[in-house]
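Peer 1: The file below is target_31.csv, CSV, C-alpha atoms:
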```csv
chain,number,residue,atom,x,y,z
A,1,MET,CA,-41.3,-73.7,18.3
A,2,LEU,CA,-42.0,-71.0,15.8
A,3,LYS,CA,-39.8,-68.7,17.7
A,4,LYS,CA,-36.9,-71.1,17.6
A,5,ILE,CA,-37.4,-71.6,13.8
A,6,MET,CA,-37.4,-67.8,13.3
A,7,ILE,CA,-34.2,-67.4,15.4
A,8,GLY,CA,-32.6,-70.2,13.4
A,9,LEU,CA,-33.5,-68.6,10.1
A,10,PHE,CA,-32.2,-65.2,11.3
A,11,ILE,CA,-28.9,-66.7,12.3
A,12,LEU,CA,-28.7,-68.5,8.9
A,13,LEU,CA,-29.4,-65.3,7.1
A,14,LEU,CA,-26.7,-63.5,9.1
A,15,SER,CA,-24.2,-66.2,8.3
A,16,THR,CA,-25.0,-66.2,4.6
A,17,ALA,CA,-24.7,-62.4,4.5
A,18,ALA,CA,-21.4,-62.5,6.3
A,19,MET,CA,-20.0,-65.0,3.8
A,20,ALA,CA,-21.4,-63.1,0.8
A,21,ALA,CA,-19.7,-60.0,2.2
A,22,THR,CA,-16.3,-61.6,2.1
A,23,PRO,CA,-14.1,-59.4,-0.1
A,24,ASP,CA,-12.6,-60.9,-3.3
A,25,PRO,CA,-8.8,-61.1,-2.5
A,26,MET,CA,-8.0,-61.2,-6.3
A,27,ILE,CA,-9.3,-57.6,-6.6
A,28,MET,CA,-6.9,-56.4,-4.0
A,29,MET,CA,-4.0,-58.4,-5.4
A,30,ARG,CA,-4.5,-57.3,-9.0
A,31,SER,CA,-5.1,-53.7,-7.9
A,32,MET,CA,-2.0,-53.6,-5.8
A,33,SER,CA,0.1,-55.2,-8.6
A,34,ASP,CA,-1.3,-53.1,-11.4
A,35,GLN,CA,-0.7,-49.9,-9.3
A,36,MET,CA,2.9,-50.9,-8.5
A,37,LEU,CA,3.8,-51.9,-12.1
A,38,SER,CA,2.2,-48.8,-13.6
A,39,THR,CA,4.0,-46.6,-11.1
A,40,LEU,CA,7.3,-48.2,-11.9
A,41,LYS,CA,6.8,-47.5,-15.6
A,42,LYS,CA,5.8,-43.9,-14.9
A,43,GLU,CA,8.7,-43.3,-12.5
A,44,ARG,CA,11.4,-45.3,-14.4
A,45,ALA,CA,13.6,-42.2,-15.1
A,46,ASN,CA,13.3,-40.9,-11.5
A,47,LEU,CA,14.1,-44.2,-10.0
A,48,LYS,CA,17.5,-44.1,-11.5
A,49,LYS,CA,18.2,-40.7,-9.9
A,50,ASP,CA,16.6,-41.3,-6.5
A,51,SER,CA,17.5,-44.4,-4.6
A,52,GLU,CA,14.9,-43.7,-1.9
A,53,LEU,CA,12.0,-43.4,-4.4
A,54,LEU,CA,11.5,-47.1,-4.8
A,55,TYR,CA,11.4,-47.7,-1.1
A,56,SER,CA,8.9,-44.9,-0.7
A,57,LEU,CA,6.6,-46.3,-3.5
A,58,VAL,CA,6.6,-49.9,-2.0
A,59,ASN,CA,5.9,-48.5,1.4
A,60,LYS,CA,3.0,-46.5,0.1
A,61,ILE,CA,1.5,-49.0,-2.3
A,62,VAL,CA,2.3,-52.5,-1.0
A,63,VAL,CA,2.8,-52.2,2.8
A,64,PRO,CA,-0.8,-51.3,3.6
A,65,HIS,CA,-1.8,-54.7,2.3
A,66,VAL,CA,0.8,-56.6,4.3
A,67,ASP,CA,0.4,-57.8,7.9
A,68,THR,CA,3.9,-56.7,9.0
A,69,ALA,CA,3.1,-56.9,12.7
A,70,GLY,CA,1.9,-60.5,12.4
A,71,MET,CA,4.9,-61.4,10.3
A,72,ALA,CA,7.2,-59.8,12.9
A,73,ARG,CA,5.6,-61.9,15.7
A,74,SER,CA,5.9,-65.1,13.6
A,75,VAL,CA,9.5,-64.8,12.6
A,76,LEU,CA,10.7,-63.9,16.1
A,77,GLY,CA,8.9,-66.8,17.9
A,78,ARG,CA,6.2,-66.8,20.6
A,79,THR,CA,8.5,-67.1,23.6
A,80,VAL,CA,10.8,-64.3,22.6
A,81,TRP,CA,7.8,-62.1,21.6
A,82,GLN,CA,5.9,-62.6,24.8
A,83,GLU,CA,8.9,-61.9,26.9
A,84,ALA,CA,9.6,-58.6,25.1
A,85,THR,CA,8.1,-55.3,26.3
A,86,ALA,CA,5.6,-53.4,24.2
A,87,ALA,CA,8.3,-50.8,23.3
A,88,GLU,CA,10.7,-53.6,22.2
A,89,GLN,CA,7.9,-55.2,20.1
A,90,SER,CA,7.1,-51.9,18.5
A,91,ALA,CA,10.7,-51.2,17.7
A,92,PHE,CA,11.2,-54.7,16.2
A,93,ILE,CA,8.0,-54.4,14.0
A,94,GLU,CA,9.2,-51.1,12.6
A,95,ALA,CA,12.7,-52.4,11.9
A,96,PHE,CA,11.4,-55.7,10.4
A,97,LYS,CA,9.0,-53.7,8.2
A,98,ARG,CA,11.9,-51.8,6.7
A,99,VAL,CA,13.7,-55.1,5.9
A,100,VAL,CA,10.6,-56.5,4.2
A,101,VAL,CA,10.2,-53.3,2.2
A,102,ASN,CA,13.9,-53.4,1.3
A,103,THR,CA,13.6,-57.1,0.2
A,104,TYR,CA,10.6,-56.3,-2.0
A,105,SER,CA,12.3,-53.2,-3.4
A,106,SER,CA,15.4,-55.0,-4.3
A,107,ALA,CA,13.4,-57.6,-6.2
A,108,LEU,CA,11.6,-54.8,-8.1
A,109,ASN,CA,14.9,-53.0,-8.9
A,110,ALA,CA,15.4,-55.4,-11.8
A,111,TYR,CA,12.0,-54.6,-13.2
A,112,SER,CA,11.8,-54.4,-17.0
A,113,ASP,CA,8.3,-54.5,-18.3
A,114,GLU,CA,7.3,-57.8,-16.8
A,115,THR,CA,3.6,-58.6,-16.4
A,116,ILE,CA,1.9,-60.6,-13.6
A,117,LYS,CA,-0.5,-63.5,-14.2
A,118,PHE,CA,-2.8,-64.5,-11.3
A,119,PHE,CA,-4.4,-68.0,-11.1
A,120,PRO,CA,-7.8,-68.8,-9.7
A,121,ILE,CA,-7.9,-69.6,-6.0
A,122,ARG,CA,-8.1,-73.3,-5.4
A,123,GLY,CA,-11.3,-74.1,-3.5
A,124,GLY,CA,-12.4,-70.4,-3.6
A,125,TYR,CA,-12.2,-67.8,-0.8
A,126,GLU,CA,-15.8,-67.6,0.5
A,127,GLY,CA,-15.9,-68.5,4.2
A,128,GLN,CA,-12.1,-68.9,4.3
A,129,GLN,CA,-9.8,-67.1,6.8
A,130,ARG,CA,-6.5,-68.0,5.1
A,131,ILE,CA,-5.9,-68.6,1.4
A,132,LYS,CA,-3.1,-68.8,-1.1
A,133,VAL,CA,-2.9,-66.7,-4.2
A,134,ASN,CA,-0.6,-68.1,-6.9
A,135,SER,CA,0.9,-66.0,-9.7
A,136,GLU,CA,3.6,-65.9,-12.3
A,137,VAL,CA,5.8,-63.0,-13.2
A,138,ILE,CA,6.0,-63.2,-17.0
A,139,ARG,CA,9.4,-62.1,-18.3
A,140,THR,CA,10.6,-61.2,-21.7
A,141,ASP,CA,14.1,-62.5,-21.1
A,142,GLY,CA,13.5,-65.8,-19.4
A,143,PRO,CA,11.0,-68.3,-18.0
A,144,PRO,CA,8.2,-67.2,-15.8
A,145,VAL,CA,8.9,-66.8,-12.0
A,146,ALA,CA,6.4,-68.4,-9.6
A,147,VAL,CA,5.3,-66.0,-6.9
A,148,ASN,CA,2.8,-67.2,-4.4
A,149,TYR,CA,1.1,-65.2,-1.7
A,150,SER,CA,-0.4,-66.3,1.6
A,151,LEU,CA,-3.3,-64.1,2.8
A,152,ALA,CA,-5.3,-63.9,6.0
A,153,LEU,CA,-8.6,-62.2,6.5
A,154,PHE,CA,-8.7,-59.4,9.0
A,155,THR,CA,-12.3,-58.0,9.6
A,156,ALA,CA,-13.2,-58.0,5.9
A,157,VAL,CA,-9.7,-57.0,4.7
A,158,TRP,CA,-7.3,-59.4,3.2
A,159,LYS,CA,-3.6,-59.0,4.1
A,160,VAL,CA,-0.4,-60.8,2.9
A,161,TYR,CA,1.4,-62.6,5.6
A,162,ASP,CA,4.0,-64.5,3.6
A,163,LEU,CA,5.5,-64.4,0.1
A,164,ASN,CA,6.9,-67.4,-1.6
A,165,VAL,CA,9.2,-66.9,-4.6
A,166,GLU,CA,10.3,-70.0,-6.5
A,167,GLY,CA,9.6,-72.2,-3.5
A,168,ILE,CA,11.4,-70.0,-1.0
A,169,SER,CA,9.3,-68.6,1.8
A,170,LEU,CA,10.0,-65.1,3.1
A,171,LEU,CA,8.7,-66.0,6.5
A,172,GLN,CA,10.7,-69.2,6.8
A,173,SER,CA,13.9,-67.5,5.6
A,174,PHE,CA,13.7,-64.8,8.3
A,175,ARG,CA,12.5,-67.2,10.9
A,176,ALA,CA,15.6,-69.3,10.3
A,177,GLN,CA,17.8,-66.2,10.5
A,178,PHE,CA,16.4,-64.9,13.7
A,179,SER,CA,16.3,-68.4,15.3
A,180,GLU,CA,20.1,-68.7,14.7
A,181,GLN,CA,20.7,-65.3,16.3
A,182,ILE,CA,18.5,-66.2,19.3
A,183,SER,CA,20.4,-69.5,19.7
A,184,GLN,CA,23.6,-67.4,19.9
A,185,GLY,CA,22.2,-65.6,22.9
A,186,LYS,CA,21.0,-62.4,21.2
A,187,ASN,CA,17.9,-60.7,22.6
A,188,ILE,CA,15.2,-58.8,20.7
A,189,THR,CA,16.9,-55.4,21.2
A,190,GLN,CA,20.2,-56.6,19.7
A,191,ILE,CA,18.4,-58.2,16.8
A,192,THR,CA,16.5,-55.0,16.2
A,193,GLN,CA,19.7,-53.0,16.2
A,194,GLU,CA,21.2,-55.2,13.6
A,195,LEU,CA,18.1,-54.9,11.4
A,196,ARG,CA,18.4,-51.1,11.6
A,197,GLN,CA,22.0,-51.2,10.5
A,198,GLN,CA,21.1,-52.9,7.3
A,199,LYS,CA,21.3,-50.4,4.4
A,200,LYS,CA,18.3,-49.5,2.4
A,201,GLY,CA,17.8,-51.5,-0.7
A,202,LYS,CA,20.2,-54.2,0.4
```
Can you dump the structure from the file as structure tokens?

Peer 2:
Amino acid sequence: MLKKIMIGLFILLLSTAAMAATPDPMIMMRSMSDQMLSTLKKERANLKKDSELLYSLVNKIVVPHVDTAGMARSVLGRTVWQEATAAEQSAFIEAFKRVVVNTYSSALNAYSDETIKFFPIRGGYEGQQRIKVNSEVIRTDGPPVAVNYSLALFTAVWKVYDLNVEGISLLQSFRAQFSEQISQGKNITQITQELRQQKKGK
């Protein structure tokens, strides 16, 4: 009986420790945003000269915190994804990542000293696997813009898997786009080729 109690207490302690070790997603989000905004201010003059610089900065600062592979699987659909070869999947992930970076870069292109305000996570994050982080982009020339992030926990690391701007989900938008292409008879290779043809920053 004592042995069972000790085992139970040990499991409880492990569970409590695991929950306590859950990283604070707000630290990651604020750090990523602060680094991105401060870099934009620092590189403002160079950004006007080099069209590739913004893409490079987003790829370096933001992409490591984004689950691009998971997003790619989600927008393409389970059936198409499972029928694709490993090489086709890899090629699509890379092409899709470029589109995501381009989309984010285009949004940042109009940056002019905005600040970002994050709101407390509803219900907290301890013990959660998926959460939403709500924020507002405070502008000097207009009303604030609501930007909400969906995050998932991957082995003690939070990653963004969707971005919602003013009620429009990035995942849902791409999912609708690719669904239409698939309904037209296009396969993953054709869709990947079309993604590659999109110009940077567009």

Peer 1: Can you pull out every residue within 10 Å of stretch 81-95 of chain A, counting all atoms listed in the file, but drop anything in the same chain fewer than 5 positions away, and send it as a ChimeraX atom specification?

Peer 2: /A:68-76,100,187-198

Peer 1: Rounded to one decimal in Å, what is the spacing between atom CA of A:Tyr55 and atom CA of A:Phe154?

Peer 2: 25.4 Å

Peer 1: So the first atom is atom CA of A:Leu153 and the second is atom CA of A:Leu54; what is the distance between them in Å, to one decimal place?

Peer 2: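 Taking atom CA of A:Leu153 and atom CA of A:Leu54, their separation equals 27.6 Å.
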
Peer 1: Compare A:Ala156, A:Leu47, A:Val147, A:Ile121 by their minimum atom-to-atom distance to A:Ser105, counting only C-alpha atoms, and give me the closest one.

Peer 2: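 Nearest to A:Ser105: A:Leu47.
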
Peer 1: Could you please determine the separation between atom CA of A:Ala45 and atom CA of A:Lys60 in Å, to one decimal place?

Peer 2: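 Separating atom CA of A:Ala45 from atom CA of A:Lys60 is a distance of 19.0 Å.
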
Peer 1: (8.6, -61.1, -15.0) in this file's frame - what residues fall within 12 Å of it? Use all atoms listed in the file and give the answer as a PDB file with C-alpha atoms, in the frame of the given file.

Peer 2:
```pdb
ATOM      1  CA  LEU A  37       3.800 -51.900 -12.100  1.00  0.00           C
ATOM      2  CA  ALA A 107      13.400 -57.600  -6.200  1.00  0.00           C
ATOM      3  CA  LEU A 108      11.600 -54.800  -8.100  1.00  0.00           C
ATOM      4  CA  ASN A 109      14.900 -53.000  -8.900  1.00  0.00           C
ATOM      5  CA  ALA A 110      15.400 -55.400 -11.800  1.00  0.00           C
ATOM      6  CA  TYR A 111      12.000 -54.600 -13.200  1.00  0.00           C
ATOM      7  CA  SER A 112      11.800 -54.400 -17.000  1.00  0.00           C
ATOM      8  CA  ASP A 113       8.300 -54.500 -18.300  1.00  0.00           C
ATOM      9  CA  GLU A 114       7.300 -57.800 -16.800  1.00  0.00           C
ATOM     10  CA  THR A 115       3.600 -58.600 -16.400  1.00  0.00           C
ATOM     11  CA  ILE A 116       1.900 -60.600 -13.600  1.00  0.00           C
ATOM     12  CA  LYS A 117      -0.500 -63.500 -14.200  1.00  0.00           C
ATOM     13  CA  SER A 135       0.900 -66.000  -9.700  1.00  0.00           C
ATOM     14  CA  GLU A 136       3.600 -65.900 -12.300  1.00  0.00           C
ATOM     15  CA  VAL A 137       5.800 -63.000 -13.200  1.00  0.00           C
ATOM     16  CA  ILE A 138       6.000 -63.200 -17.000  1.00  0.00           C
ATOM     17  CA  ARG A 139       9.400 -62.100 -18.300  1.00  0.00           C
ATOM     18  CA  THR A 140      10.600 -61.200 -21.700  1.00  0.00           C
ATOM     19  CA  ASP A 141      14.100 -62.500 -21.100  1.00  0.00           C
ATOM     20  CA  GLY A 142      13.500 -65.800 -19.400  1.00  0.00           C
ATOM     21  CA  PRO A 143      11.000 -68.300 -18.000  1.00  0.00           C
ATOM     22  CA  PRO A 144       8.200 -67.200 -15.800  1.00  0.00           C
ATOM     23  CA  VAL A 145       8.900 -66.800 -12.000  1.00  0.00           C
ATOM     24  CA  ALA A 146       6.400 -68.400  -9.600  1.00  0.00           C
ATOM     25  CA  VAL A 147       5.300 -66.000  -6.900  1.00  0.00           C
ATOM     26  CA  VAL A 165       9.200 -66.900  -4.600  1.00  0.00           C
TER      27      VAL A 165
END
```

Peer 1: Every residue with an atom at most 10 Å from (11.7, -58.8, 4.5) (file coordinates; only C-alpha atoms) is what I'm after, so could you write them as a ChimeraX atom specification?

Peer 2: /A:68,71-72,95-105,162-163,170-171,173-174

Peer 1: Skipping near chain neighbours, those fewer than 4 positions away, what residues fall within 7 Å of A:Asn134 using all atoms listed in the file, listed as number ranges by chain?

Peer 2: A: 118-119, 147-149

Peer 1: How would the residues just chosen look if you wrote them out with C-alpha atoms as a compact mmCIF listing (two decimals), in the coordinates of the input?

Peer 2:
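Generated file (again-v8.txt):
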```
# COMPACT_ATOMS: atom_id res chain seq x y z
CA PHE A 118 -2.80 -64.50 -11.30
CA PHE A 119 -4.40 -68.00 -11.10
CA VAL A 147 5.30 -66.00 -6.90
CA ASN A 148 2.80 -67.20 -4.40
CA TYR A 149 1.10 -65.20 -1.70
```

Peer 1: Using only C-alpha atoms, which of the listed residues (A:Asp24, A:Gly77, A:Ile168, A:Ser106) sits closest to A:Ser51?

Peer 2: A:Ser106

Peer 1: With only C-alpha atoms as the atoms that count, which of A:Ile61, A:Arg78, A:Asp67, A:Thr39 lies nearest to A:Arg175?

Peer 2: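 Of all the options, A:Arg78 lies closest to A:Arg175.
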
Peer 1: Could you complete stretch 138-149 of chain A so that it carries all heavy atoms, and give it back as a tab-separated table (two decimals), keeping the file's coordinate frame?

Peer 2:
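Wrote selection34.tsv, looks like this:
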```
chain	number	residue	atom	x	y	z
A	138	ILE	N	5.65	-62.88	-15.64
A	138	ILE	CA	6.00	-63.20	-17.00
A	138	ILE	C	7.12	-62.29	-17.50
A	138	ILE	O	6.96	-61.07	-17.55
A	138	ILE	CB	4.76	-63.06	-17.95
A	138	ILE	CG1	3.56	-63.81	-17.36
A	138	ILE	CG2	5.09	-63.55	-19.35
A	138	ILE	CD1	3.79	-65.29	-17.18
A	139	ARG	N	8.25	-62.89	-17.83
A	139	ARG	CA	9.40	-62.10	-18.30
A	139	ARG	C	9.64	-62.22	-19.75
A	139	ARG	O	9.28	-63.21	-20.37
A	139	ARG	CB	10.67	-62.59	-17.51
A	139	ARG	CG	10.55	-62.50	-15.99
A	139	ARG	CD	11.85	-62.88	-15.33
A	139	ARG	NE	12.20	-64.27	-15.59
A	139	ARG	CZ	13.39	-64.80	-15.32
A	139	ARG	NH1	14.35	-64.04	-14.84
A	139	ARG	NH2	13.63	-66.07	-15.57
A	140	THR	N	10.27	-61.19	-20.29
A	140	THR	CA	10.60	-61.20	-21.70
A	140	THR	C	11.94	-61.84	-22.00
A	140	THR	O	12.24	-62.20	-23.13
A	140	THR	CB	10.60	-59.76	-22.27
A	140	THR	OG1	11.55	-58.98	-21.51
A	140	THR	CG2	9.23	-59.11	-22.15
A	141	ASP	N	12.74	-61.97	-20.95
A	141	ASP	CA	14.10	-62.50	-21.10
A	141	ASP	C	14.37	-63.80	-20.41
A	141	ASP	O	15.51	-64.14	-20.11
A	141	ASP	CB	15.13	-61.44	-20.69
A	141	ASP	CG	14.95	-61.07	-19.22
A	141	ASP	OD1	13.92	-61.47	-18.64
A	141	ASP	OD2	15.84	-60.39	-18.67
A	142	GLY	N	13.29	-64.54	-20.09
A	142	GLY	CA	13.50	-65.80	-19.40
A	142	GLY	C	12.18	-66.47	-19.05
A	142	GLY	O	11.09	-65.93	-19.34
A	143	PRO	N	12.24	-67.63	-18.42
A	143	PRO	CA	11.00	-68.30	-18.00
A	143	PRO	C	10.27	-67.59	-16.95
A	143	PRO	O	10.86	-66.76	-16.24
A	143	PRO	CB	11.56	-69.69	-17.52
A	143	PRO	CG	12.95	-69.38	-17.05
A	143	PRO	CD	13.47	-68.35	-18.01
A	144	PRO	N	8.97	-67.85	-16.79
A	144	PRO	CA	8.20	-67.20	-15.80
A	144	PRO	C	8.67	-67.53	-14.35
A	144	PRO	O	9.22	-68.62	-14.14
A	144	PRO	CB	6.76	-67.66	-16.01
A	144	PRO	CG	6.93	-68.96	-16.74
A	144	PRO	CD	8.15	-68.79	-17.58
A	145	VAL	N	8.47	-66.61	-13.42
A	145	VAL	CA	8.90	-66.80	-12.00
A	145	VAL	C	7.63	-67.01	-11.18
A	145	VAL	O	6.72	-66.17	-11.18
A	145	VAL	CB	9.68	-65.62	-11.50
A	145	VAL	CG1	10.05	-65.83	-10.04
A	145	VAL	CG2	10.93	-65.41	-12.35
A	146	ALA	N	7.56	-68.14	-10.46
A	146	ALA	CA	6.40	-68.40	-9.60
A	146	ALA	C	6.48	-67.58	-8.33
A	146	ALA	O	7.47	-67.64	-7.60
A	146	ALA	CB	6.37	-69.90	-9.27
A	147	VAL	N	5.44	-66.81	-8.09
A	147	VAL	CA	5.30	-66.00	-6.90
A	147	VAL	C	3.99	-66.27	-6.24
A	147	VAL	O	2.95	-65.97	-6.83
A	147	VAL	CB	5.49	-64.49	-7.18
A	147	VAL	CG1	5.38	-63.68	-5.89
A	147	VAL	CG2	6.80	-64.20	-7.89
A	148	ASN	N	4.00	-66.86	-5.05
A	148	ASN	CA	2.80	-67.20	-4.40
A	148	ASN	C	2.61	-66.45	-3.07
A	148	ASN	O	3.57	-66.30	-2.31
A	148	ASN	CB	2.76	-68.74	-4.09
A	148	ASN	CG	2.89	-69.55	-5.36
A	148	ASN	OD1	2.39	-69.16	-6.42
A	148	ASN	ND2	3.58	-70.67	-5.29
A	149	TYR	N	1.40	-65.97	-2.84
A	149	TYR	CA	1.10	-65.20	-1.70
A	149	TYR	C	0.22	-65.92	-0.69
A	149	TYR	O	-0.74	-66.55	-1.10
A	149	TYR	CB	0.42	-63.86	-2.05
A	149	TYR	CG	1.18	-63.00	-3.04
A	149	TYR	CD1	1.09	-63.24	-4.42
A	149	TYR	CD2	1.96	-61.94	-2.61
A	149	TYR	CE1	1.78	-62.45	-5.33
A	149	TYR	CE2	2.66	-61.15	-3.52
A	149	TYR	CZ	2.56	-61.41	-4.88
A	149	TYR	OH	3.24	-60.63	-5.78
```
